[in-house]
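**Student:** Okay, handing you the structure first.
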Amino acid sequence: MSRRRLLGTASAAGAGGLVLGAAGGAWGHATAQDEPPTALTSLGSTGVAFHGTHQAGIVTPAQAHGHLVAFDLVSGAGRRQAAALLRRWSDAARRMMAGEPPSGGERDTGIALDAGPSSLTVTFGFGRTFFTRTGMKKELPRQLAPLPDFSADALDKERSDGDLWVQIGADDALVAFHALRALQREAAGAARVRWQMSGFNRSPGATDRPRTVRNLMGQVDGSNNPKTTDDDFAERVFVPSSGEPSWMAGGSFVVQRRIRMLLDSWDEHALGEQERVIGRRKSDGAPLSGGHEHTAPDLDKRGKDGLPVIAADAHVRVAAPETNGGAAMLRRSFSFHDGFGDGGAPDAGLLFLAWQADPLRGFVPVQRKLDRGDALSDFLRHEASGLFAVPGGPARGEYVGQRLLEG
Ligand SMILES: C=CC1=C(C)c2cc3[nH]c(cc4nc(cc5[nH]c(cc1n2)c(C)c5CCC(=O)O)C(CCC(=O)O)=C4C)c(C)c3C=C
Ligand SMILES: [Fe+2]
């Protein structure tokens, strides 16, 4: 037994399959010779494909651990350095998503030694400033127009935007941090970290059956997300092959908002009031109009008092596609908790991530409306913001963004 005493069991997401036992380097460190091999659970052995029409990490079920990080190109770095960086990053991401060390192993930190790929995904995007920094203004997608100012914004510019954006997700915390650190090291000399945020979701296997995740307000969050099986899913979430700009075919636009939850205030409110604010039951996420979690909310239903059972300012009514001319987005967020403030209030909330083919037909109109009349907004503060173009997935032998950088 030379490299490790782990055996894979399953590979749910295909392509790379289970890929333990990469060559050399730190991966050769010893475990006792006489230990019997231990099978990885499906949590560790699950690998997600790096290549494909779309990048991984968009329709992939949200993992238990997430890192979001923005980089700015260093002064003097332009298109050529950016292309070389994306090539290095793609190579590292492909390897790590297959459970291998990032670059042959010699320089690897060893943080993910002993672990399988654990559903690792790495997703890359470009911010508006990337196109000016690299002299590629002509390629700037119109969909990257700056987001409007919203009245409830209290944005920290230093934790917003950025030239390059990376989303990392994994079901193991060490695997996730390993990827973050590896990509930061690969960036040396070309780009430096502008801001970084970490988040989490429930671990696979923590519930009696697969369930929609809860957020830190205790609500079931994600029930009425577009489903991959919906006829209009791809149209809503991905840029079509005939879309503009052509290098974004198969890509998507992501809006990220660090939304602090004012939990001290929220947690003081009675259950009935909390449910009125959202328009759904807290226990199981069912709409207040009746049925179960996945029953469509009936926005027309009225109670005996003649009032709508889902209130006029309930979050689900104000955000629903039906009340926003069909505007929709795929929400795939992580919760965050970064300690407690001086007064004891948790610095916690949602790293809200919304994916769509065009933010002007997704996030923007919905947030405009929420900004004017959402009961939930009394309990939220939008503290940081970013909008990034996430190109389509790479074909074999290609790196992410190659069609932009070498087109
Ligand atoms: C601009 C878009 C949205 C922001 C910002 C947003 C913040 C936010 N939402 C919750 C909790 C819930 N949201 C729910 C539904 C929901 N939210 C949005 C959009 C934004 N939310 C949409 C489009 C929808 C779906 C509406 C529908 O079609 O019914 C729900 C209900 C369950 C669900 O469908 O997911 C909850 C709960 C928080 C806590 C939050 C900011 C921190
Ligand atoms: Fe919401």
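Ligands are numbered from 1 in the order shown, residues from 1 within each chain, and chains are lettered A, B, ... in the order they appear in the structure tokens.
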Report the closest atom pair, with its distance in Å rounded to one decimal, for each residue of chain A that has an atom no farther than 7 Å from ligand 2; count only C-alpha atoms and all ligand atoms, sort by chain and then rising residue number, and write it as JSON lines.

**Tutor:**
{"residue": "A:His315", "atom": "CA", "partner": "ligand 2", "partner_atom_place_in_ligand_line": "1 (Fe)", "distance": 6.5}
{"residue": "A:Val316", "atom": "CA", "partner": "ligand 2", "partner_atom_place_in_ligand_line": "1 (Fe)", "distance": 6.9}
{"residue": "A:Ala319", "atom": "CA", "partner": "ligand 2", "partner_atom_place_in_ligand_line": "1 (Fe)", "distance": 6.9}

**Student:** Those selected residues, please, written with C-alpha atoms and delivered as a PDB file, in the first residue's frame.

**Tutor:**
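Result saved to part_14.pdb:
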ATOM      1  CA  HIS A 315     -41.459  38.194   0.556  1.00  0.00           C
ATOM      2  CA  VAL A 316     -42.685  35.382  -1.712  1.00  0.00           C
ATOM      3  CA  ALA A 319     -40.332  38.255  -5.327  1.00  0.00           C
TER       4      ALA A 319
END

**Student:** List all protein, DNA and RNA residues that have at least one atom no more than 6 Å from any atom of ligand 1, counting only C-alpha atoms and all ligand atoms, and write them as an NGL selection string.

**Tutor:** :A and (219-225 or 259 or 316 or 319-321 or 328 or 349-350 or 363 or 366-367)

**Student:** Might you pull out every residue within 7 Å of Asp338 of chain A, with only C-alpha atoms counted and same-chain residues fewer than 2 positions away left off, and present them as a PyMOL selection string?

**Tutor:** chain A and resi 336+340+347-348

**Student:** Any chance you could list, as a list in words, the residues in segment 351-407 of chain A that come up strand (DSSP E) when DSSP is run on the backbone?

**Tutor:**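 Those residues are Leu351, Phe352, Leu353, Ala354, Trp355, Gln356, Leu380, Arg381, His382, Glu383, Ala384, Ser385, Gly386, Leu387, Phe388, Ala389 and Val390 of chain A.
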
**Student:** Determine, counting only C-alpha atoms, which protein, DNA and RNA residues have an atom within 10 Å of an atom of Gly386 of chain A; residues of the same chain fewer than 6 positions away are not included. Present the result as a list in words.

**Tutor:**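 Listing them by chain and then by number gives Ala70, Gly127, Arg128, Leu144, Pro146, Leu147, Lys157, Arg159, Ser160, Asp161, Gly162, Trp165, Val254, Val255, Gln256, Arg257, Arg258 and Leu353 of chain A.
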
**Student:** Just give me the gap between atom CA of Pro102 of chain A and atom CA of Gly250 of chain A in Å, one decimal is fine.

**Tutor:** 25.6 Å

**Student:** Per DSSP on the backbone, filter segment 101-266 of chain A down to the residues in helix (DSSP H, G or I) and report them as a ChimeraX atom specification.

**Tutor:** /A:128-133,137-139,142-144,157-159,173-187,233-237,246-248,263-266

**Student:** Just checking: using only C-alpha atoms, which residue out of A:Gly251, A:Gly99, A:Gly78, A:Pro287 ends up closest to Ser45 of chain A?

**Tutor:**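 Answer, going by the shortest atom-to-atom distance: A:Gly99.
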
**Student:** As a list in words, please: the residues near Trp89 of chain A (cut-off 9 Å, only C-alpha atoms, same-chain neighbours under 3 positions excluded).

**Tutor:** Ala84, Leu85, Leu86, Ala92, Ala93, Arg94, Pro102, Phe124, Ala182, Leu183, Glu186, Ala187, Tyr399 and Val400 of chain A

**Student:** Out of A:Val69, A:Leu140, A:Ala64, A:Ala145, which residue has the shortest atom-to-atom distance to Ala170 of chain A when counting only C-alpha atoms?

**Tutor:**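 Going through A:Val69, A:Leu140, A:Ala64, A:Ala145 one by one, the smallest distance to Ala170 of chain A is for A:Ala64.
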
**Student:** Find the spatial neighbours of Phe379 of chain A, counting only C-alpha atoms, within a cut-off of 8 Å - ignore same-chain residues fewer than 3 positions away - and output them as a list in words.

**Tutor:**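 Once the nearby chain positions are removed, what remains is Met261, Leu262, Leu263, Ser265, Trp266 and Leu376 of chain A.
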
**Student:** Could you write out the selected residues, including C-alpha atoms, as a JSON list (two decimals), in the first residue's frame?

**Tutor:**
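File out_3.json, as written:
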[["chain", "number", "residue", "atom", "x", "y", "z"],
["A", 261, "MET", "CA", -29.60, 39.25, 8.81],
["A", 262, "LEU", "CA", -30.64, 41.34, 11.81],
["A", 263, "LEU", "CA", -31.15, 38.18, 13.81],
["A", 265, "SER", "CA", -34.62, 41.56, 15.96],
["A", 266, "TRP", "CA", -35.89, 38.62, 13.84],
["A", 376, "LEU", "CA", -38.37, 40.94, 5.02]]

**Student:** For Arg361 of chain A, which of A:Ser333, A:Thr38, A:Asn324, A:Ser283 is the closest residue, counting only C-alpha atoms?

**Tutor:**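 Closest to Arg361 of chain A of all the choices is A:Asn324.
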
**Student:** Pick out the closest residue to Leu387 of chain A from this set: A:Ala234, A:Val122, A:Leu164, A:Leu307. Count only C-alpha atoms.

**Tutor:**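 Nearest to Leu387 of chain A: A:Leu164.
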
**Student:** As an exercise, work out the distance from atom CA of Glu322 of chain A to atom CA of Arg276 of chain A in Å and give it to one decimal place.

**Tutor:**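 Between these atoms lies a distance of 19.1 Å.
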
**Student:** Which residues are close to Pro61 of chain A, i.e. within 10 Å by only C-alpha atoms, leaving aside same-chain residues fewer than 4 positions away? Reply as number ranges by chain.

**Tutor:** A: 56-57, 119, 169, 332

**Student:** Which value, in Å to one decimal, gives the distance between atom CA of Asp108 of chain A and atom CA of Arg87 of chain A?

**Tutor:**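 Separation of atom CA of Asp108 of chain A and atom CA of Arg87 of chain A: 17.8 Å.
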